[in-house]
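One file, query-v8.cif, carrying mmCIF, C-alpha atoms and all ligand atoms:
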```
data_work
#
loop_
_atom_site.label_atom_id
_atom_site.label_comp_id
_atom_site.auth_asym_id
_atom_site.auth_seq_id
_atom_site.Cartn_x
_atom_site.Cartn_y
_atom_site.Cartn_z
CA MET A 114 -65.27 7.48 69.69
CA ARG A 115 -62.01 5.81 70.67
CA THR A 116 -61.69 2.02 71.00
CA ASP A 117 -60.00 2.09 74.38
CA GLY A 118 -61.57 4.15 77.14
CA VAL A 119 -59.83 7.09 78.81
CA PRO A 120 -59.37 6.86 82.61
CA ALA A 121 -61.77 9.10 84.53
CA PRO A 122 -59.05 11.41 85.97
CA ASP A 123 -57.85 12.18 82.43
CA VAL A 124 -61.38 12.83 81.23
CA ARG A 125 -61.96 15.13 84.20
CA ARG A 126 -58.72 17.00 83.57
CA ARG A 127 -59.45 17.55 79.90
CA ILE A 128 -62.98 18.76 80.54
CA ALA A 129 -61.81 21.01 83.39
CA ALA A 130 -59.23 22.54 81.07
CA GLU A 131 -61.89 23.38 78.47
CA LEU A 132 -64.29 24.75 81.09
CA ALA A 133 -61.52 26.89 82.53
CA ASP A 134 -61.35 28.61 79.16
CA ASP A 135 -64.99 29.74 79.39
CA VAL A 136 -65.24 33.43 80.20
CA PRO A 137 -65.71 33.96 83.96
CA TRP A 138 -69.08 35.45 84.91
CA THR A 139 -67.36 38.53 86.31
CA ARG A 140 -66.40 39.47 82.74
CA VAL A 141 -69.83 38.78 81.19
CA LEU A 142 -71.97 41.82 80.47
CA ASN A 143 -74.13 40.47 77.65
CA SER A 144 -76.02 37.60 79.25
CA ILE A 145 -79.61 37.31 80.32
CA CYS A 146 -78.52 34.09 82.05
CA THR A 147 -76.35 34.10 85.14
CA GLU A 148 -74.37 31.82 87.38
CA PRO A 149 -77.06 29.47 88.65
CA HIS A 150 -77.79 29.37 92.36
CA PRO A 151 -75.51 26.74 94.03
CA LEU A 152 -78.46 24.90 95.57
CA GLY A 153 -79.98 24.56 92.09
CA VAL A 154 -76.72 23.15 90.73
CA GLU A 155 -76.46 20.69 93.61
CA MET A 156 -80.07 19.51 93.25
CA ALA A 157 -79.80 19.29 89.45
CA SER A 158 -76.88 16.96 89.83
CA SER A 159 -78.86 14.78 92.27
CA ALA A 160 -81.59 14.46 89.63
CA SER A 161 -79.45 14.12 86.51
CA HIS A 162 -80.84 10.63 85.88
CA THR A 163 -84.48 11.74 85.76
CA ASN A 164 -86.60 12.03 82.63
CA LEU A 165 -89.94 13.81 82.65
CA GLY A 166 -90.76 12.10 79.38
CA ASP A 167 -91.74 9.03 81.41
CA VAL A 168 -93.67 10.09 84.45
CA ARG A 169 -94.60 6.52 85.38
CA ILE A 170 -91.00 6.03 86.46
CA PHE A 171 -90.23 9.52 87.75
CA ARG A 172 -93.33 10.05 89.85
CA GLY A 173 -91.67 12.20 92.48
CA THR A 174 -89.98 14.33 89.86
CA LYS A 175 -93.31 14.83 88.13
CA ARG A 176 -94.81 16.03 91.43
CA ILE A 177 -91.95 18.51 91.72
CA GLU A 178 -92.61 19.75 88.19
CA ARG A 179 -96.29 20.27 89.04
CA ARG A 180 -95.26 22.17 92.16
CA VAL A 181 -92.96 24.44 90.14
CA VAL A 182 -95.69 25.15 87.61
CA GLN A 183 -97.99 26.07 90.51
CA LEU A 184 -95.39 28.42 91.99
CA LEU A 185 -94.98 30.10 88.60
CA LEU A 186 -98.74 30.38 88.09
CA ASP A 187 -98.97 32.04 91.52
CA LEU A 188 -96.22 34.46 90.50
CA VAL A 189 -98.23 35.56 87.46
CA ALA A 190 -101.52 35.92 89.36
CA ASN A 191 -103.23 32.84 87.98
CA PRO A 192 -103.26 30.03 90.55
CA GLY A 193 -106.09 28.28 88.68
CA GLY A 194 -104.27 28.17 85.35
CA SER A 195 -102.14 25.47 83.75
CA GLY A 196 -98.69 25.09 82.26
CA ASN A 197 -95.60 23.01 81.67
CA LEU A 198 -91.89 23.28 82.14
CA VAL A 199 -89.99 23.36 78.87
CA SER A 200 -86.46 23.84 77.61
CA GLY A 201 -86.62 27.64 77.46
CA GLY A 202 -88.23 30.63 75.84
CA THR A 203 -88.11 29.30 72.31
CA GLU A 204 -90.02 26.11 73.12
CA ALA A 205 -92.49 28.00 75.32
CA ASN A 206 -93.20 30.53 72.57
CA LEU A 207 -93.57 27.73 70.04
CA ILE A 208 -96.15 25.92 72.16
CA ALA A 209 -98.08 29.18 72.67
CA MET A 210 -98.20 29.82 68.92
CA LEU A 211 -99.27 26.24 68.15
CA VAL A 212 -102.07 26.47 70.71
CA ALA A 213 -103.13 29.84 69.22
CA ARG A 214 -103.21 28.43 65.69
CA GLU A 215 -105.06 25.26 66.69
CA SER A 216 -107.54 27.18 68.79
CA ALA A 217 -108.37 29.33 65.74
CA ARG A 218 -108.78 26.12 63.73
CA GLY A 219 -111.06 24.69 66.44
CA LYS A 220 -113.27 27.77 66.20
CA GLY A 221 -113.43 27.40 62.43
CA ARG A 222 -111.64 30.69 61.88
CA LEU A 223 -108.23 29.56 60.61
CA THR A 224 -107.72 31.14 57.19
CA HIS A 225 -105.25 30.14 54.45
CA ARG A 226 -102.87 32.81 55.74
CA PRO A 227 -102.80 32.86 59.55
CA GLU A 228 -101.14 36.00 60.87
CA VAL A 229 -99.55 37.06 64.14
CA VAL A 230 -99.27 40.73 65.09
CA VAL A 231 -95.82 41.42 66.55
CA SER A 232 -93.60 44.38 67.33
CA SER A 233 -90.60 45.17 65.16
CA THR A 234 -88.38 44.21 68.11
CA VAL A 235 -90.04 40.86 68.93
CA HIS A 236 -87.51 38.18 69.93
CA TYR A 237 -85.91 36.25 67.07
CA SER A 238 -87.20 32.93 68.47
CA PHE A 239 -90.46 33.85 66.74
CA THR A 240 -88.75 33.94 63.36
CA LYS A 241 -87.94 30.25 63.83
CA ILE A 242 -91.44 29.51 65.10
CA PHE A 243 -93.35 31.33 62.35
CA GLY A 244 -91.38 29.41 59.74
CA LEU A 245 -92.09 26.09 61.40
CA LEU A 246 -95.79 26.73 61.98
CA GLY A 247 -96.62 28.51 58.73
CA LEU A 248 -97.56 31.78 60.44
CA THR A 249 -97.07 35.18 58.86
CA PRO A 250 -95.83 38.02 61.06
CA VAL A 251 -97.57 41.39 60.76
CA VAL A 252 -94.88 43.72 62.01
CA VAL A 253 -95.89 46.86 63.91
CA PRO A 254 -93.07 49.41 64.26
CA VAL A 255 -92.23 50.27 67.85
CA ASP A 256 -92.78 53.83 69.06
CA ASP A 257 -90.03 56.25 70.10
CA ALA A 258 -89.74 54.58 73.50
CA LEU A 259 -89.34 51.21 71.70
CA HIS A 260 -92.76 49.93 72.84
CA LEU A 261 -95.45 48.15 70.84
CA PRO A 262 -98.27 50.72 70.45
CA ALA A 263 -101.61 49.25 71.58
CA GLY A 264 -103.72 51.32 69.17
CA GLU A 265 -101.70 50.15 66.19
CA VAL A 266 -102.00 46.52 67.32
CA ALA A 267 -105.80 46.82 67.40
CA ARG A 268 -105.76 48.33 63.89
CA ARG A 269 -103.70 45.46 62.46
CA ILE A 270 -106.04 42.67 63.63
CA THR A 271 -107.91 41.11 60.69
CA GLU A 272 -109.84 37.90 60.01
CA HIS A 273 -106.43 36.26 59.46
CA THR A 274 -105.05 37.11 62.91
CA VAL A 275 -104.62 34.16 65.25
CA ALA A 276 -102.38 35.82 67.85
CA VAL A 277 -100.84 39.01 69.15
CA ILE A 278 -97.50 38.97 70.96
CA ALA A 279 -96.46 41.48 73.60
CA THR A 280 -93.01 41.41 75.18
CA ALA A 281 -92.54 41.94 78.90
CA GLY A 282 -88.85 42.63 78.89
CA SER A 283 -87.07 42.52 75.55
CA SER A 284 -83.62 41.00 75.78
CA GLU A 285 -82.36 43.62 73.35
CA PHE A 286 -83.36 46.77 75.26
CA GLY A 287 -85.10 45.56 78.42
CA VAL A 288 -88.25 47.49 77.51
CA VAL A 289 -91.65 46.30 78.70
CA ASP A 290 -94.62 46.62 76.35
CA ALA A 291 -97.77 48.17 77.81
CA VAL A 292 -99.51 44.81 78.24
CA ASP A 293 -102.11 46.58 80.38
CA GLU A 294 -103.11 48.63 77.29
CA ILE A 295 -102.64 45.89 74.70
CA GLY A 296 -104.83 43.43 76.69
CA PRO A 297 -107.94 45.63 76.64
CA ALA A 298 -107.25 46.60 72.99
CA VAL A 299 -107.18 42.93 71.96
CA SER A 300 -109.83 41.62 74.34
CA GLY A 301 -113.06 40.71 72.57
CA ARG A 302 -111.34 40.30 69.18
CA ASP A 303 -111.12 36.49 69.55
CA VAL A 304 -107.34 36.34 69.07
CA HIS A 305 -104.79 34.76 71.38
CA LEU A 306 -102.71 37.27 73.36
CA HIS A 307 -99.33 35.84 74.27
CA VAL A 308 -96.92 37.66 76.56
CA ASP A 309 -93.26 36.80 76.11
CA ALA A 310 -91.92 37.39 79.61
CA ALA A 311 -88.95 35.05 79.16
CA THR A 312 -86.63 37.84 80.26
CA GLY A 313 -88.85 40.04 82.45
CA GLY A 314 -90.96 37.40 84.20
CA PHE A 315 -88.60 37.11 87.14
CA ILE A 316 -87.89 40.84 87.32
CA ILE A 317 -91.15 42.75 86.85
CA PRO A 318 -93.21 41.26 89.73
CA PHE A 319 -90.46 42.08 92.23
CA ALA A 320 -89.55 45.43 90.67
CA ARG A 321 -93.20 46.50 90.93
CA GLU A 322 -93.18 45.56 94.62
CA LEU A 323 -90.11 47.74 94.98
CA GLY A 324 -92.01 50.67 93.50
CA HIS A 325 -90.67 50.66 89.93
CA ASP A 326 -93.11 52.13 87.46
CA LEU A 327 -93.63 49.12 85.18
CA PRO A 328 -96.81 47.99 83.46
CA GLN A 329 -98.63 44.93 84.70
CA PHE A 330 -97.93 42.02 82.36
CA ASP A 331 -99.56 39.01 83.96
CA PHE A 332 -102.94 37.24 83.94
CA SER A 333 -104.49 40.01 86.02
CA VAL A 334 -104.60 41.88 82.69
CA ASP A 335 -107.80 41.06 80.86
CA GLY A 336 -107.17 39.30 77.58
CA VAL A 337 -103.79 37.70 78.35
CA ASP A 338 -104.04 34.02 77.29
CA SER A 339 -100.50 32.70 77.79
CA ILE A 340 -97.15 33.74 79.25
CA THR A 341 -93.60 32.54 78.65
CA ILE A 342 -91.39 32.82 81.73
CA ASP A 343 -87.87 31.43 82.03
CA PRO A 344 -86.40 30.33 85.35
CA HIS A 345 -83.03 29.90 83.61
CA LYS A 346 -82.75 33.64 83.02
CA TYR A 347 -83.41 35.96 85.98
CA GLY A 348 -84.84 32.99 87.95
CA LEU A 349 -81.25 31.76 88.66
CA ALA A 350 -82.04 28.16 87.69
CA PRO A 351 -79.53 26.14 85.68
CA VAL A 352 -80.19 25.78 81.93
CA PRO A 353 -82.54 24.40 80.53
CA ALA A 354 -85.51 25.70 82.49
CA GLY A 355 -88.36 27.52 80.77
CA ALA A 356 -92.12 27.51 81.27
CA ILE A 357 -95.27 28.07 79.29
CA LEU A 358 -98.30 29.12 81.33
CA PHE A 359 -101.94 29.43 80.25
CA ARG A 360 -104.97 31.19 81.67
CA GLY A 361 -107.37 28.22 81.71
CA ALA A 362 -107.02 25.10 83.85
CA GLN A 363 -107.24 22.89 80.73
CA ASP A 364 -105.43 25.14 78.25
CA ALA A 365 -101.96 23.56 78.58
CA GLY A 366 -103.59 20.25 77.64
CA GLN A 367 -104.38 21.61 74.17
CA PHE A 368 -100.81 20.86 73.12
CA ALA A 369 -101.01 17.08 73.40
CA PHE A 370 -99.38 14.33 71.42
CA ASP A 371 -99.82 10.63 72.10
CA SER A 372 -96.91 8.25 72.56
CA PHE A 373 -96.86 4.72 71.11
CA PHE A 374 -97.70 3.18 74.42
CA VAL A 375 -100.98 2.64 76.18
CA ASP A 376 -99.58 3.38 79.61
CA THR A 377 -97.56 6.51 78.87
CA PRO A 378 -99.64 9.64 79.03
CA ALA A 379 -99.65 12.18 76.23
CA HIS A 380 -96.76 14.62 75.94
CA HIS A 381 -97.58 18.29 76.45
CA THR A 382 -94.17 19.62 75.44
CA LEU A 383 -92.15 19.52 72.27
CA LEU A 384 -89.31 17.56 73.84
CA GLY A 385 -90.10 13.94 74.62
CA THR A 386 -87.25 12.89 76.84
CA ARG A 387 -86.65 15.95 78.99
CA PRO A 388 -84.63 16.84 82.05
CA GLY A 389 -86.26 16.34 85.43
CA ALA A 390 -83.07 17.93 86.76
CA ALA A 391 -84.29 21.30 85.48
CA ALA A 392 -87.56 20.96 87.38
CA VAL A 393 -85.83 19.84 90.55
CA ALA A 394 -83.26 22.64 90.39
CA THR A 395 -85.91 25.26 89.70
CA PHE A 396 -87.97 24.01 92.63
CA ALA A 397 -84.93 24.18 94.90
CA VAL A 398 -84.11 27.77 93.89
CA LEU A 399 -87.69 29.07 94.12
CA GLU A 400 -88.33 27.42 97.48
CA HIS A 401 -85.01 28.50 98.93
CA LEU A 402 -85.07 32.14 97.83
CA GLY A 403 -88.78 32.81 98.15
CA ARG A 404 -90.26 36.14 97.17
CA ASP A 405 -88.07 37.97 99.68
CA GLY A 406 -84.91 36.52 98.17
CA PHE A 407 -85.91 37.44 94.63
CA ARG A 408 -86.95 40.92 95.73
CA ASP A 409 -83.51 41.46 97.33
CA ILE A 410 -81.73 40.25 94.21
CA THR A 411 -83.93 42.47 92.04
CA ARG A 412 -83.20 45.47 94.28
CA THR A 413 -79.47 44.89 93.93
CA ASN A 414 -79.74 44.39 90.16
CA PHE A 415 -81.50 47.75 89.81
CA GLU A 416 -78.94 49.47 92.06
CA VAL A 417 -76.10 48.13 89.93
CA THR A 418 -77.96 49.05 86.73
CA GLY A 419 -78.27 52.64 87.99
CA TYR A 420 -74.63 52.64 89.03
CA LEU A 421 -73.58 51.46 85.56
CA ALA A 422 -75.82 54.00 83.81
CA ASP A 423 -74.47 56.82 86.01
CA GLY A 424 -70.89 55.74 85.35
CA LEU A 425 -71.49 55.75 81.59
CA ARG A 426 -73.12 59.19 81.72
CA ALA A 427 -70.29 60.52 83.87
CA ALA A 428 -67.87 59.33 81.18
CA GLY A 429 -69.84 61.43 78.67
CA HIS A 430 -71.95 58.72 77.05
CA GLU A 431 -75.60 58.97 76.10
CA LEU A 432 -78.05 56.14 76.73
CA LEU A 433 -80.32 55.05 73.87
CA ALA A 434 -83.25 54.94 76.30
CA GLU A 435 -83.73 55.11 80.04
CA PRO A 436 -83.39 51.46 81.26
CA GLN A 437 -86.72 49.97 82.36
CA LEU A 438 -85.17 46.69 83.48
CA ASN A 439 -81.52 45.70 83.88
CA ILE A 440 -80.26 46.30 80.37
CA VAL A 441 -78.36 49.46 79.49
CA VAL A 442 -78.02 50.40 75.83
CA VAL A 443 -75.52 53.17 75.25
CA LYS A 444 -74.74 55.08 72.06
CA MET A 445 -71.19 54.34 71.06
CA PRO A 446 -69.60 55.26 67.73
CA GLY A 447 -67.41 52.35 66.60
CA ALA A 448 -69.39 49.94 68.85
CA THR A 449 -68.54 46.78 66.91
CA ARG A 450 -64.80 47.36 67.03
CA ILE A 451 -64.99 48.45 70.65
CA SER A 452 -66.86 45.26 71.49
CA GLN A 453 -64.20 43.20 69.68
CA ARG A 454 -61.43 45.10 71.44
CA LEU A 455 -63.13 44.43 74.80
CA GLU A 456 -63.47 40.75 73.93
CA SER A 457 -59.78 40.47 73.15
CA ASP A 458 -59.29 41.94 76.61
CA GLY A 459 -61.57 39.28 78.16
CA TRP A 460 -64.87 41.23 78.37
CA ILE A 461 -68.08 40.10 76.66
CA VAL A 462 -70.61 42.79 75.67
CA SER A 463 -72.98 42.95 72.72
CA THR A 464 -73.79 45.30 69.92
CA SER A 465 -77.07 45.47 68.06
CA LYS A 466 -77.30 44.44 64.41
CA ARG A 467 -80.33 46.68 63.95
CA PHE A 468 -79.49 49.70 66.06
CA GLY A 469 -75.87 50.12 64.99
CA GLU A 470 -73.32 52.07 67.00
CA THR A 471 -74.75 51.01 70.35
CA LEU A 472 -73.33 48.86 73.09
CA ARG A 473 -75.73 46.66 75.08
CA LEU A 474 -74.82 45.88 78.66
CA VAL A 475 -76.81 43.41 80.76
CA VAL A 476 -76.83 43.47 84.54
CA ASN A 477 -77.61 40.15 86.13
CA ARG A 478 -76.75 38.78 89.56
CA HIS A 479 -73.09 38.23 88.71
CA VAL A 480 -72.62 41.88 87.70
CA THR A 481 -71.70 43.66 90.93
CA ARG A 482 -70.50 47.22 91.56
CA GLU A 483 -66.94 45.81 91.59
CA VAL A 484 -67.51 44.34 88.13
CA VAL A 485 -68.78 47.73 86.92
CA ASP A 486 -65.77 49.46 88.52
CA ALA A 487 -63.46 47.16 86.57
CA PHE A 488 -65.48 47.39 83.36
CA LEU A 489 -65.80 51.15 82.92
CA PRO A 490 -62.03 51.81 82.71
CA ALA A 491 -61.68 48.80 80.37
CA LEU A 492 -64.34 50.34 78.13
CA GLU A 493 -62.58 53.71 78.02
CA ARG A 494 -59.29 51.96 77.25
CA ALA A 495 -60.94 50.02 74.42
CA ARG A 496 -62.45 53.22 73.02
CA ARG A 497 -59.12 55.02 73.05
CA GLU A 498 -57.36 52.09 71.40
CA VAL A 499 -60.00 51.74 68.69
CA ALA A 500 -59.84 55.51 68.07
CA ALA A 501 -56.05 55.22 67.80
CA GLY A 502 -56.44 52.38 65.26
CA VAL A 503 -54.94 49.60 67.44
CA GLU A 504 -55.40 46.21 65.72
CA VAL A 505 -58.02 43.93 67.34
CA VAL A 506 -56.94 40.30 67.65
CA LEU A 507 -59.74 37.87 68.44
CA ARG A 508 -59.01 34.23 69.13
N1 LIG B 601 -87.96 35.58 74.35
C1 LIG B 601 -87.21 36.51 74.95
C2 LIG B 601 -87.81 37.83 75.33
C3 LIG B 601 -85.86 36.26 75.20
O1 LIG B 601 -85.12 37.19 75.81
C4 LIG B 601 -85.31 35.00 74.83
C5 LIG B 601 -83.85 34.71 75.00
C6 LIG B 601 -86.16 34.04 74.23
C7 LIG B 601 -87.48 34.38 73.99
C8 LIG B 601 -85.67 32.69 73.83
O2 LIG B 601 -85.34 31.96 74.98
P1 LIG B 601 -84.35 30.71 74.94
O3 LIG B 601 -83.04 31.21 74.45
O4 LIG B 601 -84.36 30.24 76.36
O5 LIG B 601 -84.95 29.70 74.03
N2 LIG B 601 -83.06 35.80 75.27
C9 LIG B 601 -81.62 35.82 75.29
C10 LIG B 601 -81.14 36.66 74.10
O6 LIG B 601 -81.54 36.39 72.97
C11 LIG B 601 -80.98 34.46 75.24
C12 LIG B 601 -79.55 34.52 75.66
C13 LIG B 601 -79.21 34.22 76.97
C14 LIG B 601 -78.55 34.85 74.77
C15 LIG B 601 -77.90 34.25 77.39
C16 LIG B 601 -77.21 34.90 75.17
C17 LIG B 601 -76.90 34.59 76.49
O7 LIG B 601 -75.60 34.61 76.93
O8 LIG B 601 -80.43 37.59 74.34
#
```
For the file at hand, write its structure as structure tokens.
Ligand code: 0PR
Amino acid sequence: MRTDGVPAPDVRRRIAAELADDVPWTRVLNSICTEPHPLGVEMASSASHTNLGDVRIFRGTKRIERRVVQLLLDLVANPGGSGNLVSGGTEANLIAMLVARESARGKGRLTHRPEVVVSSTVHYSFTKIFGLLGLTPVVVPVDDALHLPAGEVARRITEHTVAVIATAGSSEFGVVDAVDEIGPAVSGRDVHLHVDAATGGFIIPFARELGHDLPQFDFSVDGVDSITIDPHKYGLAPVPAGAILFRGAQDAGQFAFDSFFVDTPAHHTLLGTRPGAAAVATFAVLEHLGRDGFRDITRTNFEVTGYLADGLRAAGHELLAEPQLNIVVVKMPGATRISQRLESDGWIVSTSKRFGETLRLVVNRHVTREVVDAFLPALERARREVAAGVEVVLR
């Protein structure tokens, strides 16, 4: 830190210059996050001083957090459940796994080698979590449609199993596991069924209302114990806004750690000091848009997804799978170099480390038909240049 301070206008100018170098949303085709709703940004800034780690001070903010949790519980068909707002999918998944492990311990059935049954495409946040919590993944290969097969899950449950994870919207392919089959297959086996709906939680309920053929993933499915859902992804809230939701009214209280102080209640999240701004912004966005607003946004996202998929097919490309949500994965020889070529041209897409030679394109609210119209020719240009051996220069 410098000894003398820098005048505010200079600080502003320097920060603005750096932010101006961030890639504009209209060139971003790899992100599950999107430009947050302006009302959320405005309300987050009005609450930037708040800290949900001390709810004796921030009483109003705490009430707003409770209200948001209730809105989310309603969205996943469990108004009588419990939950907390957290920093995102990783923290939510971590809390779910800790509760699963401790609940097995409480029932006297935690073995020396607690296992979690997961699909081979489960999100990488679980790799971090399993390491931290001493859990061993039992990996079930996905089927041809990239789903976790319910029958195989049931077969892999042993006396060591503390949890099963289903994914309702993978960020890699946008596929939704058949939670409605996995729930009944797991029910009665005394293991915790966690649904990672970080990506799909704000898409699937509205897409189903619009008539899309997607499996039910919420607490209406027997056996589902907890759900991760992230407002900062398709919920249009500013980062960091995630949530962990549980079936039982007391379940969220199982993750509880005392503070030093008599008067400060226990913490139910991993973070201690945590942003009330996220809760306030999420509340603003959910209240303002309502179900109708989210349904309209979802409808548009699916229209643009179809438009993008059609455009790719018309250009002679083959999709890896039919998109279930708003992620299009297209087979593309030379994908890594094409992605780099696109990036040097200002476009951000992603390629899979595991399913090589594919390009992954994410449609979120900022990806409009106009963006697709600009992107498709840029993609063909990048392909031609890579085929012609043009050097890729990345900054
Ligand atoms: N579970 C699922 C299904 C996810 O999709 C993600 C993140 C997580 C858990 C972890 O959530 P947090 O990152 O909030 O802790 N999925 C995105 C991904 O891995 C995260 C992301 C978002 C990456 C925007 C890049 C980006 O620009 O693709």
Spatial neighbours of segment 490-507 of chain A, 10 Å, all atoms listed in the file, chain gap at least 6 places, as a ChimeraX atom specification: /A:425,428,445-448,450-460
For C-alpha atoms, I'd like the residues from the last selection saved as a PDB file, keeping the file's coordinate frame.
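That gives us out_13.pdb:
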```pdb
ATOM      1  CA  LEU A 425     -71.490  55.750  81.590  1.00  0.00           C
ATOM      2  CA  ALA A 428     -67.870  59.330  81.180  1.00  0.00           C
ATOM      3  CA  MET A 445     -71.190  54.340  71.060  1.00  0.00           C
ATOM      4  CA  PRO A 446     -69.600  55.260  67.730  1.00  0.00           C
ATOM      5  CA  GLY A 447     -67.410  52.350  66.600  1.00  0.00           C
ATOM      6  CA  ALA A 448     -69.390  49.940  68.850  1.00  0.00           C
ATOM      7  CA  ARG A 450     -64.800  47.360  67.030  1.00  0.00           C
ATOM      8  CA  ILE A 451     -64.990  48.450  70.650  1.00  0.00           C
ATOM      9  CA  SER A 452     -66.860  45.260  71.490  1.00  0.00           C
ATOM     10  CA  GLN A 453     -64.200  43.200  69.680  1.00  0.00           C
ATOM     11  CA  ARG A 454     -61.430  45.100  71.440  1.00  0.00           C
ATOM     12  CA  LEU A 455     -63.130  44.430  74.800  1.00  0.00           C
ATOM     13  CA  GLU A 456     -63.470  40.750  73.930  1.00  0.00           C
ATOM     14  CA  SER A 457     -59.780  40.470  73.150  1.00  0.00           C
ATOM     15  CA  ASP A 458     -59.290  41.940  76.610  1.00  0.00           C
ATOM     16  CA  GLY A 459     -61.570  39.280  78.160  1.00  0.00           C
ATOM     17  CA  TRP A 460     -64.870  41.230  78.370  1.00  0.00           C
TER      18      TRP A 460
END
```
Distance in Å - atom CA of Pro353 of chain A versus atom CA of Ala391 of chain A: 6.1 Å
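You can rank A:Gly264, A:Gly361, A:Gly244, A:Gly348 by their closest distance to ligand LIG 601 (chain B) using only C-alpha atoms and all ligand atoms, and at the top of that list sits A:Gly348.
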Within 7 Å of ligand LIG 601 (chain B), counting all atoms listed in the file, residues as a list in words: Asn143, Ser144, Ile145, Cys146, Ser200, Gly201, Gly202, Thr203, Glu204, His236, Ser238, Thr280, Gly282, Ser283, Ser284, Glu285, Asp309, Ala310, Ala311, Thr312, Asp343 and Gly355 of chain A
All residues 9 Å or closer to segment 270-278 of chain A, all atoms listed in the file, same chain fewer than 6 positions away omitted, as number ranges by chain: A: 210, 213-214, 216-217, 222-232, 235, 248, 251, 299, 302-309
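Minimum atom-to-atom distances from A:Ala190, A:Lys346, A:Gly173, A:Gly287 to Arg473 of chain A were compared using only C-alpha atoms, and the lowest value belongs to A:Gly287.
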Separation of atom CA of Gly385 of chain A from atom CA of Val168 of chain A in Å: 11.1 Å
Counting all atoms listed in the file, the residue of A:Ala356, A:Ile340, A:Val462, A:Ala390 that sits nearest Ser158 of chain A: A:Ala390
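For the pair atom CA of Arg176 of chain A and atom CA of His150 of chain A, the interatomic distance is 21.6 Å.
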Who sits within 10 Å of Val253 of chain A, all atoms listed in the file, same chain under 6 positions skipped, as number ranges by chain: A: 230-235, 260-263, 265-266, 268-269
May I have the centre and edge lengths, in Å to one decimal, of an axis-aligned box around the listed atoms of segment 224-232 of chain A with 5 Å added to every side, as JSON?
```
{"center_x": -100.7, "center_y": 37.3, "center_z": 60.9, "size_x": 24.1, "size_y": 24.2, "size_z": 22.9}
```
Ref. answer, residues at most 12 Å from (-87.3, 25.1, 93.0) with all atoms listed in the file, as a PyMOL selection string: chain A and resi 149-157+174+176-185+198+344-345+348-351+354+389-403
Skip Arg169 of chain A itself and residues of its chain fewer than 5 positions away, then list as a PDB file with C-alpha atoms, keeping the file's coordinate frame all residues within 9 Å of it, counting all atoms listed in the file.
```pdb
ATOM      1  CA  LYS A 175     -93.310  14.830  88.130  1.00  0.00           C
ATOM      2  CA  ASP A 376     -99.580   3.380  79.610  1.00  0.00           C
ATOM      3  CA  THR A 377     -97.560   6.510  78.870  1.00  0.00           C
ATOM      4  CA  PRO A 378     -99.640   9.640  79.030  1.00  0.00           C
TER       5      PRO A 378
END
```
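Each of A:Ala369, A:Val292, A:Leu474, A:Leu432 was checked against Gln329 of chain A using only C-alpha atoms; the smallest atom-to-atom distance is that of A:Val292.
Distances from A:Leu421, A:Leu472, A:Leu438, A:Ala487 to Tyr347 of chain A were compared using only C-alpha atoms, and the smallest one belongs to A:Leu438.
Nearest residue to Asn164 of chain A, choosing from A:Pro388, A:Pro297, A:Gly366, A:Pro250 and counting all atoms listed in the file: A:Pro388.
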Expected residue set, 12 Å radius at (-75.1, 51.8, 88.2), only C-alpha atoms, as JSON, numbers by chain: {"A": [412, 413, 414, 415, 416, 417, 418, 419, 420, 421, 422, 423, 424, 425, 426, 427, 436, 439, 440, 441, 474, 475, 476, 480, 481, 482, 483, 484, 485, 486, 488, 489]}
Using only C-alpha atoms, which residues sit within 8 Å of Arg408 of chain A once same-chain residues fewer than 2 positions away are excluded, as a PDB file with C-alpha atoms, in the frame of the given file?
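The resulting file, selection-v3.pdb, is reproduced below:
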```
ATOM      1  CA  PHE A 319     -90.460  42.080  92.230  1.00  0.00           C
ATOM      2  CA  ALA A 320     -89.550  45.430  90.670  1.00  0.00           C
ATOM      3  CA  GLU A 322     -93.180  45.560  94.620  1.00  0.00           C
ATOM      4  CA  LEU A 323     -90.110  47.740  94.980  1.00  0.00           C
ATOM      5  CA  ARG A 404     -90.260  36.140  97.170  1.00  0.00           C
ATOM      6  CA  ASP A 405     -88.070  37.970  99.680  1.00  0.00           C
ATOM      7  CA  GLY A 406     -84.910  36.520  98.170  1.00  0.00           C
ATOM      8  CA  ILE A 410     -81.730  40.250  94.210  1.00  0.00           C
ATOM      9  CA  THR A 411     -83.930  42.470  92.040  1.00  0.00           C
ATOM     10  CA  ARG A 412     -83.200  45.470  94.280  1.00  0.00           C
TER      11      ARG A 412
END
```
